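Participant: Got a structure for you, questions after.
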Amino acid sequence: MKALQYRTIGSAPELVDIPMPSPGPGEVLLRVTAAGVCHSDSFIMGLPEDQYVYGLPLTLGHEGAGTVEALGAGVTGLDIGDAVLVYGPWGCGRCYPCSKGEENYCENAAARGIKPPGLGAPGAMAEYLLVDDARHLVPLEDLDPVVSVPLTDAGLTPYHAIKKSLPKLVPGSTAVVIGVGGLGHVAVQILRAITSCTVIAVDAAADKLAHARDVGAHHTVPSGPDAAEQIRTLTGGRGADAVFDFVGIAPTTELGSRTIAVGGDVVIVGVGPGTVAVGFFSTPWESSARAPYWGSRSELIEVIELARSGRITVDVERFSLEQGPEAYRRLHDGTLRGRAVIVP
Ligand code: NAD
Ligand code: ZN
């Protein structure tokens, strides 16, 4: 089968022909219908050899959708042809976080070498994808897999980040979204759908700010030295009750810490090297900072319901497997509108 693999440190991913996997006991084989392109893929492909821990060759794709092609021994509750989305942050399924559906925070995954598809296990940028357990599949039913596949990360990750700050996002509150790309443009919509806060979007690119307004941001602010002051002015001097940073580099985490209100949250989702120092004299009283990772299985179901009811829509650009390297180039160049999706 065809697969898009990262094979050589520092080189672009390559389209290769590899053997088709077959499902062992408990596993499910999917025929892939869509696979999302995430900035995290670019991040890991940019790591030097001594920091790269995802194995080579690596079939990319941690956002996956497919139809059930074959069932391993003992798998029940699924039928051949069922349309599904893949819950990506695989865990052991038995520890305390996993028992709450929070496999993203599994206590045993690291020690047992359990890795997400596309981030250690073979991913969804191929004609077929092996899923380790039926519990990692969520029914898609009649939703379009191409526009739905980003829900598994570009939807789930911001949803999880926003949900923890919900008690602060009361009427009259303000949320700031920094970085309106694949994750950020969904974050704006989730904030509009499940809160009544005012949404301010920040980005370095004018077209991303226009996109932010199209998907529901009340205000947009270009990133740069004046951004903090502009956000202060837009909030009548109070600052933001939550800042969701989808970049995570020093200038953006600094913007977050300079713009939060008393009691505000700085939420670092982007994998950049920026940090936030919380201290009595450095940040407003009762403010807090956190760095969430992906989301839970039940939150994925909630995000799918938001999409099913039409309250959020992922903007996608389609690419074939052959065009995969081009999709990553466009992501790198910042010329995508929303999420790139590979359709094998
Ligand atoms: P993306 O490239 O689609 O979007 C990034 C956006 O940030 C772009 O619109 C870009 O113009 C903007 N940007 C870049 N520099 C900026 C700056 N200095 N100020 C303001 N805006 C700036 O990326 P994505 O796929 O949406 O991923 C966003 C981040 O989230 C990445 O760092 C990715 O690795 C990370 N991520 C984290 C998790 C998690 O679980 N925490 C999950 C998925 C992705
Ligand atoms: Zn991702």
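Numbering starts fresh at 1 for the residues of each chain in the structure tokens, the chains themselves are lettered A, B, ... in the order given, and ligands are numbered from 1 as they appear.
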Taking only C-alpha atoms and all ligand atoms into account, which residues are within 7 Å of ligand 2, as a CSV table (one decimal) with C-alpha atoms, in the first residue's frame?
Facilitator:
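Okay, result22.csv is ready:
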chain,number,residue,atom,x,y,z
A,38,CYS,CA,-0.7,19.0,11.9
A,39,HIS,CA,2.0,21.5,12.9
A,40,SER,CA,3.2,18.9,15.4
A,41,ASP,CA,4.3,16.7,12.5
A,62,HIS,CA,-2.1,11.4,14.0
A,153,ASP,CA,-6.8,16.9,17.1
A,154,ALA,CA,-7.4,20.4,15.7
Participant: Select the residues contacting ligand 1 at a distance of at most 6 Å, based on only C-alpha atoms and all ligand atoms, then format the selection as a PyMOL selection string.
Facilitator: chain A and resi 38-40+153+157+178-184+202-205+208+223+246-247+252+269-272+292-294+331+334
Participant: May I have the residues from that selection written out with N, CA, C and O atoms, as a CSV table (one decimal), in the first residue's frame?
Facilitator:
chain,number,residue,atom,x,y,z
A,38,CYS,N,-0.8,18.2,10.7
A,38,CYS,CA,-0.7,19.0,11.9
A,38,CYS,C,0.7,19.7,12.1
A,38,CYS,O,1.7,19.1,11.7
A,39,HIS,N,0.7,20.8,12.7
A,39,HIS,CA,2.0,21.5,12.9
A,39,HIS,C,3.0,20.6,13.7
A,39,HIS,O,4.2,20.7,13.6
A,40,SER,N,2.4,19.8,14.6
A,40,SER,CA,3.2,18.9,15.4
A,40,SER,C,4.1,18.0,14.6
A,40,SER,O,5.2,17.6,15.0
A,153,ASP,N,-7.9,16.2,16.5
A,153,ASP,CA,-6.8,16.9,17.1
A,153,ASP,C,-7.1,18.4,17.1
A,153,ASP,O,-7.2,19.1,18.1
A,157,THR,N,-8.1,19.1,20.8
A,157,THR,CA,-7.1,19.8,21.6
A,157,THR,C,-7.6,21.2,22.1
A,157,THR,O,-7.5,21.4,23.3
A,178,ILE,N,-4.3,33.1,20.4
A,178,ILE,CA,-3.1,33.5,19.7
A,178,ILE,C,-2.7,32.4,18.7
A,178,ILE,O,-2.5,31.2,19.1
A,179,GLY,N,-2.7,32.7,17.4
A,179,GLY,CA,-2.4,31.7,16.3
A,179,GLY,C,-3.6,31.1,15.8
A,179,GLY,O,-4.2,30.1,16.3
A,180,VAL,N,-4.1,31.7,14.6
A,180,VAL,CA,-5.4,31.2,14.1
A,180,VAL,C,-5.2,30.3,12.9
A,180,VAL,O,-5.6,30.6,11.8
A,181,GLY,N,-4.5,29.2,13.1
A,181,GLY,CA,-4.2,28.2,12.1
A,181,GLY,C,-5.2,27.1,12.2
A,181,GLY,O,-6.4,27.2,12.6
A,182,GLY,N,-4.6,25.8,12.0
A,182,GLY,CA,-5.5,24.6,12.1
A,182,GLY,C,-6.2,24.5,13.4
A,182,GLY,O,-7.5,24.4,13.4
A,183,LEU,N,-5.5,24.6,14.5
A,183,LEU,CA,-6.2,24.5,15.8
A,183,LEU,C,-6.9,25.8,16.2
A,183,LEU,O,-8.1,25.8,16.7
A,184,GLY,N,-6.3,27.0,15.9
A,184,GLY,CA,-6.8,28.2,16.4
A,184,GLY,C,-8.1,28.6,15.8
A,184,GLY,O,-9.0,29.2,16.4
A,202,VAL,N,-5.4,36.8,17.7
A,202,VAL,CA,-4.1,37.4,17.5
A,202,VAL,C,-3.3,36.5,16.5
A,202,VAL,O,-3.3,35.3,16.7
A,203,ASP,N,-2.8,37.1,15.5
A,203,ASP,CA,-1.9,36.3,14.5
A,203,ASP,C,-0.9,37.2,13.9
A,203,ASP,O,-1.1,38.5,13.9
A,204,ALA,N,0.1,36.6,13.4
A,204,ALA,CA,1.2,37.4,12.7
A,204,ALA,C,0.8,37.7,11.3
A,204,ALA,O,1.4,38.6,10.7
A,205,ALA,N,-0.2,37.0,10.7
A,205,ALA,CA,-0.5,37.1,9.3
A,205,ALA,C,-1.9,37.8,9.1
A,205,ALA,O,-2.8,37.3,9.8
A,208,LYS,N,-4.7,35.4,8.2
A,208,LYS,CA,-5.2,34.6,9.3
A,208,LYS,C,-6.2,35.4,10.2
A,208,LYS,O,-7.1,34.9,10.7
A,223,SER,N,-0.1,40.4,15.9
A,223,SER,CA,0.9,40.2,17.0
A,223,SER,C,2.0,41.2,16.8
A,223,SER,O,2.3,41.7,15.7
A,246,PHE,N,-1.6,29.2,20.8
A,246,PHE,CA,-1.4,28.1,19.8
A,246,PHE,C,-0.1,28.2,19.1
A,246,PHE,O,0.1,27.7,18.0
A,247,VAL,N,0.8,29.0,19.7
A,247,VAL,CA,2.2,29.1,19.1
A,247,VAL,C,3.2,28.7,20.2
A,247,VAL,O,4.0,27.8,19.9
A,252,THR,N,4.9,35.1,22.3
A,252,THR,CA,3.5,34.8,22.5
A,252,THR,C,3.2,34.5,24.0
A,252,THR,O,2.2,34.9,24.5
A,269,VAL,N,-0.8,25.8,24.4
A,269,VAL,CA,-1.0,24.6,23.6
A,269,VAL,C,0.1,24.4,22.6
A,269,VAL,O,0.5,23.3,22.3
A,270,GLY,N,0.6,25.5,22.0
A,270,GLY,CA,1.6,25.4,21.0
A,270,GLY,C,2.9,24.9,21.6
A,270,GLY,O,3.2,25.1,22.8
A,271,VAL,N,3.7,24.1,20.8
A,271,VAL,CA,4.8,23.4,21.3
A,271,VAL,C,6.1,24.2,21.3
A,271,VAL,O,7.2,23.6,21.4
A,272,GLY,N,6.0,25.5,21.1
A,272,GLY,CA,7.2,26.3,21.1
A,272,GLY,C,7.9,26.3,22.5
A,272,GLY,O,7.3,25.8,23.5
A,292,PRO,N,-1.9,22.0,28.4
A,292,PRO,CA,-2.6,20.8,28.2
A,292,PRO,C,-2.2,20.0,27.0
A,292,PRO,O,-1.6,20.6,26.1
A,293,TYR,N,-2.4,18.7,27.0
A,293,TYR,CA,-2.0,17.8,25.9
A,293,TYR,C,-3.3,17.1,25.4
A,293,TYR,O,-4.0,16.4,26.1
A,294,TRP,N,-3.6,17.3,24.1
A,294,TRP,CA,-4.7,16.6,23.3
A,294,TRP,C,-6.0,16.6,24.2
A,294,TRP,O,-6.3,17.7,24.7
A,331,LEU,N,2.0,24.3,4.9
A,331,LEU,CA,1.8,24.5,6.4
A,331,LEU,C,3.0,25.3,6.9
A,331,LEU,O,2.8,26.3,7.6
A,334,GLY,N,2.8,28.9,5.9
A,334,GLY,CA,1.7,29.6,6.4
A,334,GLY,C,0.7,30.0,5.4
A,334,GLY,O,-0.1,31.0,5.6
Participant: Just list as a PyMOL selection string whatever in segment 79-297 of chain A DSSP marks as helix (DSSP H, G or I).
Facilitator: chain A and resi 96-99+103-105+109-112+134-136+145-152+156-163+166-168+182-194+206-214+227-234+250-259+297
Participant: Pull C-alpha atoms from the residues just selected and write them as a PDB file, in the first residue's frame.
Facilitator:
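After the write, selection-v3.pdb holds the following:
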ATOM      1  CA  TYR A  96      -6.833   5.843  36.619  1.00  0.00           C
ATOM      2  CA  PRO A  97      -6.672   8.555  33.891  1.00  0.00           C
ATOM      3  CA  CYS A  98      -7.522   5.973  31.204  1.00  0.00           C
ATOM      4  CA  SER A  99     -10.504   4.763  33.237  1.00  0.00           C
ATOM      5  CA  GLU A 103      -5.874   8.298  27.736  1.00  0.00           C
ATOM      6  CA  ASN A 104      -3.960  11.469  26.796  1.00  0.00           C
ATOM      7  CA  TYR A 105      -2.668  11.370  30.383  1.00  0.00           C
ATOM      8  CA  ALA A 109       1.977   4.702  27.992  1.00  0.00           C
ATOM      9  CA  ALA A 110       5.581   5.916  28.227  1.00  0.00           C
ATOM     10  CA  ALA A 111       6.843   2.891  30.219  1.00  0.00           C
ATOM     11  CA  ARG A 112       5.058   0.399  27.937  1.00  0.00           C
ATOM     12  CA  ALA A 134     -11.722  -0.859  19.100  1.00  0.00           C
ATOM     13  CA  ARG A 135     -12.160   1.578  22.007  1.00  0.00           C
ATOM     14  CA  HIS A 136     -10.019   4.050  20.050  1.00  0.00           C
ATOM     15  CA  PRO A 145     -14.639  12.248   6.938  1.00  0.00           C
ATOM     16  CA  VAL A 146     -12.550  14.919   5.181  1.00  0.00           C
ATOM     17  CA  VAL A 147     -13.964  17.887   7.100  1.00  0.00           C
ATOM     18  CA  SER A 148     -14.363  15.798  10.277  1.00  0.00           C
ATOM     19  CA  VAL A 149     -10.902  14.228  10.589  1.00  0.00           C
ATOM     20  CA  PRO A 150      -9.336  17.416  12.061  1.00  0.00           C
ATOM     21  CA  LEU A 151     -11.830  17.182  14.912  1.00  0.00           C
ATOM     22  CA  THR A 152      -9.613  14.413  16.354  1.00  0.00           C
ATOM     23  CA  LEU A 156     -10.230  18.004  20.404  1.00  0.00           C
ATOM     24  CA  THR A 157      -7.077  19.813  21.620  1.00  0.00           C
ATOM     25  CA  PRO A 158      -8.615  23.325  21.778  1.00  0.00           C
ATOM     26  CA  TYR A 159     -11.863  21.882  23.154  1.00  0.00           C
ATOM     27  CA  HIS A 160     -10.000  20.230  26.036  1.00  0.00           C
ATOM     28  CA  ALA A 161      -8.004  23.443  26.638  1.00  0.00           C
ATOM     29  CA  ILE A 162     -11.110  25.646  26.627  1.00  0.00           C
ATOM     30  CA  LYS A 163     -13.274  23.313  28.725  1.00  0.00           C
ATOM     31  CA  LEU A 166     -15.081  27.431  31.163  1.00  0.00           C
ATOM     32  CA  PRO A 167     -15.859  28.615  34.733  1.00  0.00           C
ATOM     33  CA  LYS A 168     -13.929  31.813  33.931  1.00  0.00           C
ATOM     34  CA  GLY A 182      -5.481  24.638  12.102  1.00  0.00           C
ATOM     35  CA  LEU A 183      -6.203  24.535  15.848  1.00  0.00           C
ATOM     36  CA  GLY A 184      -6.808  28.236  16.406  1.00  0.00           C
ATOM     37  CA  HIS A 185      -9.589  28.686  13.832  1.00  0.00           C
ATOM     38  CA  VAL A 186     -11.487  25.844  15.517  1.00  0.00           C
ATOM     39  CA  ALA A 187     -10.755  27.322  18.976  1.00  0.00           C
ATOM     40  CA  VAL A 188     -12.458  30.585  17.964  1.00  0.00           C
ATOM     41  CA  GLN A 189     -15.562  28.658  16.896  1.00  0.00           C
ATOM     42  CA  ILE A 190     -15.635  26.496  20.038  1.00  0.00           C
ATOM     43  CA  LEU A 191     -15.431  29.629  22.215  1.00  0.00           C
ATOM     44  CA  ARG A 192     -18.335  31.169  20.289  1.00  0.00           C
ATOM     45  CA  ALA A 193     -20.347  27.927  20.468  1.00  0.00           C
ATOM     46  CA  ILE A 194     -20.012  27.042  24.148  1.00  0.00           C
ATOM     47  CA  ALA A 206      -3.220  39.461   7.983  1.00  0.00           C
ATOM     48  CA  ASP A 207      -5.017  36.673   6.085  1.00  0.00           C
ATOM     49  CA  LYS A 208      -5.221  34.577   9.277  1.00  0.00           C
ATOM     50  CA  LEU A 209      -6.794  37.547  11.072  1.00  0.00           C
ATOM     51  CA  ALA A 210      -9.353  37.864   8.266  1.00  0.00           C
ATOM     52  CA  HIS A 211     -10.043  34.139   8.618  1.00  0.00           C
ATOM     53  CA  ALA A 212     -10.468  34.615  12.381  1.00  0.00           C
ATOM     54  CA  ARG A 213     -13.165  37.235  11.747  1.00  0.00           C
ATOM     55  CA  ASP A 214     -14.861  34.919   9.223  1.00  0.00           C
ATOM     56  CA  ALA A 227      -0.654  43.660  20.923  1.00  0.00           C
ATOM     57  CA  ALA A 228      -0.757  43.677  24.747  1.00  0.00           C
ATOM     58  CA  GLU A 229      -1.780  47.327  24.853  1.00  0.00           C
ATOM     59  CA  GLN A 230      -4.471  46.789  22.205  1.00  0.00           C
ATOM     60  CA  ILE A 231      -5.924  43.873  24.187  1.00  0.00           C
ATOM     61  CA  ARG A 232      -5.900  45.975  27.383  1.00  0.00           C
ATOM     62  CA  THR A 233      -7.806  48.701  25.544  1.00  0.00           C
ATOM     63  CA  LEU A 234     -10.328  46.253  24.042  1.00  0.00           C
ATOM     64  CA  ALA A 250       8.647  33.491  23.917  1.00  0.00           C
ATOM     65  CA  PRO A 251       6.892  36.511  22.325  1.00  0.00           C
ATOM     66  CA  THR A 252       3.459  34.824  22.532  1.00  0.00           C
ATOM     67  CA  THR A 253       3.803  33.387  26.040  1.00  0.00           C
ATOM     68  CA  GLU A 254       4.993  36.833  27.133  1.00  0.00           C
ATOM     69  CA  LEU A 255       1.947  38.373  25.469  1.00  0.00           C
ATOM     70  CA  GLY A 256      -0.203  35.902  27.404  1.00  0.00           C
ATOM     71  CA  SER A 257       1.322  36.763  30.763  1.00  0.00           C
ATOM     72  CA  ARG A 258       1.075  40.505  30.020  1.00  0.00           C
ATOM     73  CA  THR A 259      -2.595  40.376  29.049  1.00  0.00           C
ATOM     74  CA  ARG A 297     -12.278  10.194  24.528  1.00  0.00           C
TER      75      ARG A 297
END
Participant: Do you have, as CSV, the list of residues of segment 54-154 of chain A lying at most 6 Å from segment 31-36 of chain A, each with its nearest atom pair and that distance in Å to one decimal, counting only C-alpha atoms and ordered by chain then number?
Facilitator:
residue,atom,partner,partner_atom,distance
A:Gly61,CA,A:Ala35,CA,5.9
A:Glu63,CA,A:Gly36,CA,4.9
A:Gly64,CA,A:Ala35,CA,4.6
A:Ala65,CA,A:Ala34,CA,5.2
A:Gly66,CA,A:Val32,CA,4.1
A:Thr67,CA,A:Arg31,CA,5.3
A:Glu69,CA,A:Arg31,CA,5.7
A:Ala124,CA,A:Ala35,CA,5.6
A:Met125,CA,A:Ala35,CA,5.8
A:Glu127,CA,A:Val32,CA,5.4
A:Tyr128,CA,A:Arg31,CA,4.6
A:Val146,CA,A:Ala34,CA,5.3
A:Pro150,CA,A:Gly36,CA,5.7
Participant: Write out as a list in words the residues lying within 9 Å of segment 19-28 of chain A, counting only C-alpha atoms and excluding same-chain residues fewer than 3 positions away.
Facilitator: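 Answer for this query is Met1, Lys2, Val68, Glu69, Ala70, Leu71, Gly72, Ala73, Gly74, Val75, Thr76, Glu127, Tyr128, Leu129, Leu130, Val131, Asp132, Asp133 and Ala134 of chain A.
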Participant: Would you compute the distance between atom CA of Ile249 of chain A and atom CA of Gly10 of chain A? Give it in Å to one decimal.
Facilitator: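 Value for the atom CA of Ile249 of chain A-atom CA of Gly10 of chain A distance: 21.3 Å.
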Participant: Would you mind listing what lies within 10 Å of Ala242 of chain A as a count of residues only, with only C-alpha atoms counted and same-chain residues fewer than 6 positions away left out?
Facilitator: 24
Participant: Mind listing the strand (DSSP E) residues of segment 54-219 of chain A, per DSSP on the backbone, as a PyMOL selection string?
Facilitator: chain A and resi 58-59+63-71+83-86+128-131+137-139+174-178+198-203+219
Participant: Go through A:Val170, A:Val243, A:Val262, A:Leu85 and flag the residue nearest Val303 of chain A, using only C-alpha atoms for the distances.
Facilitator: A:Leu85
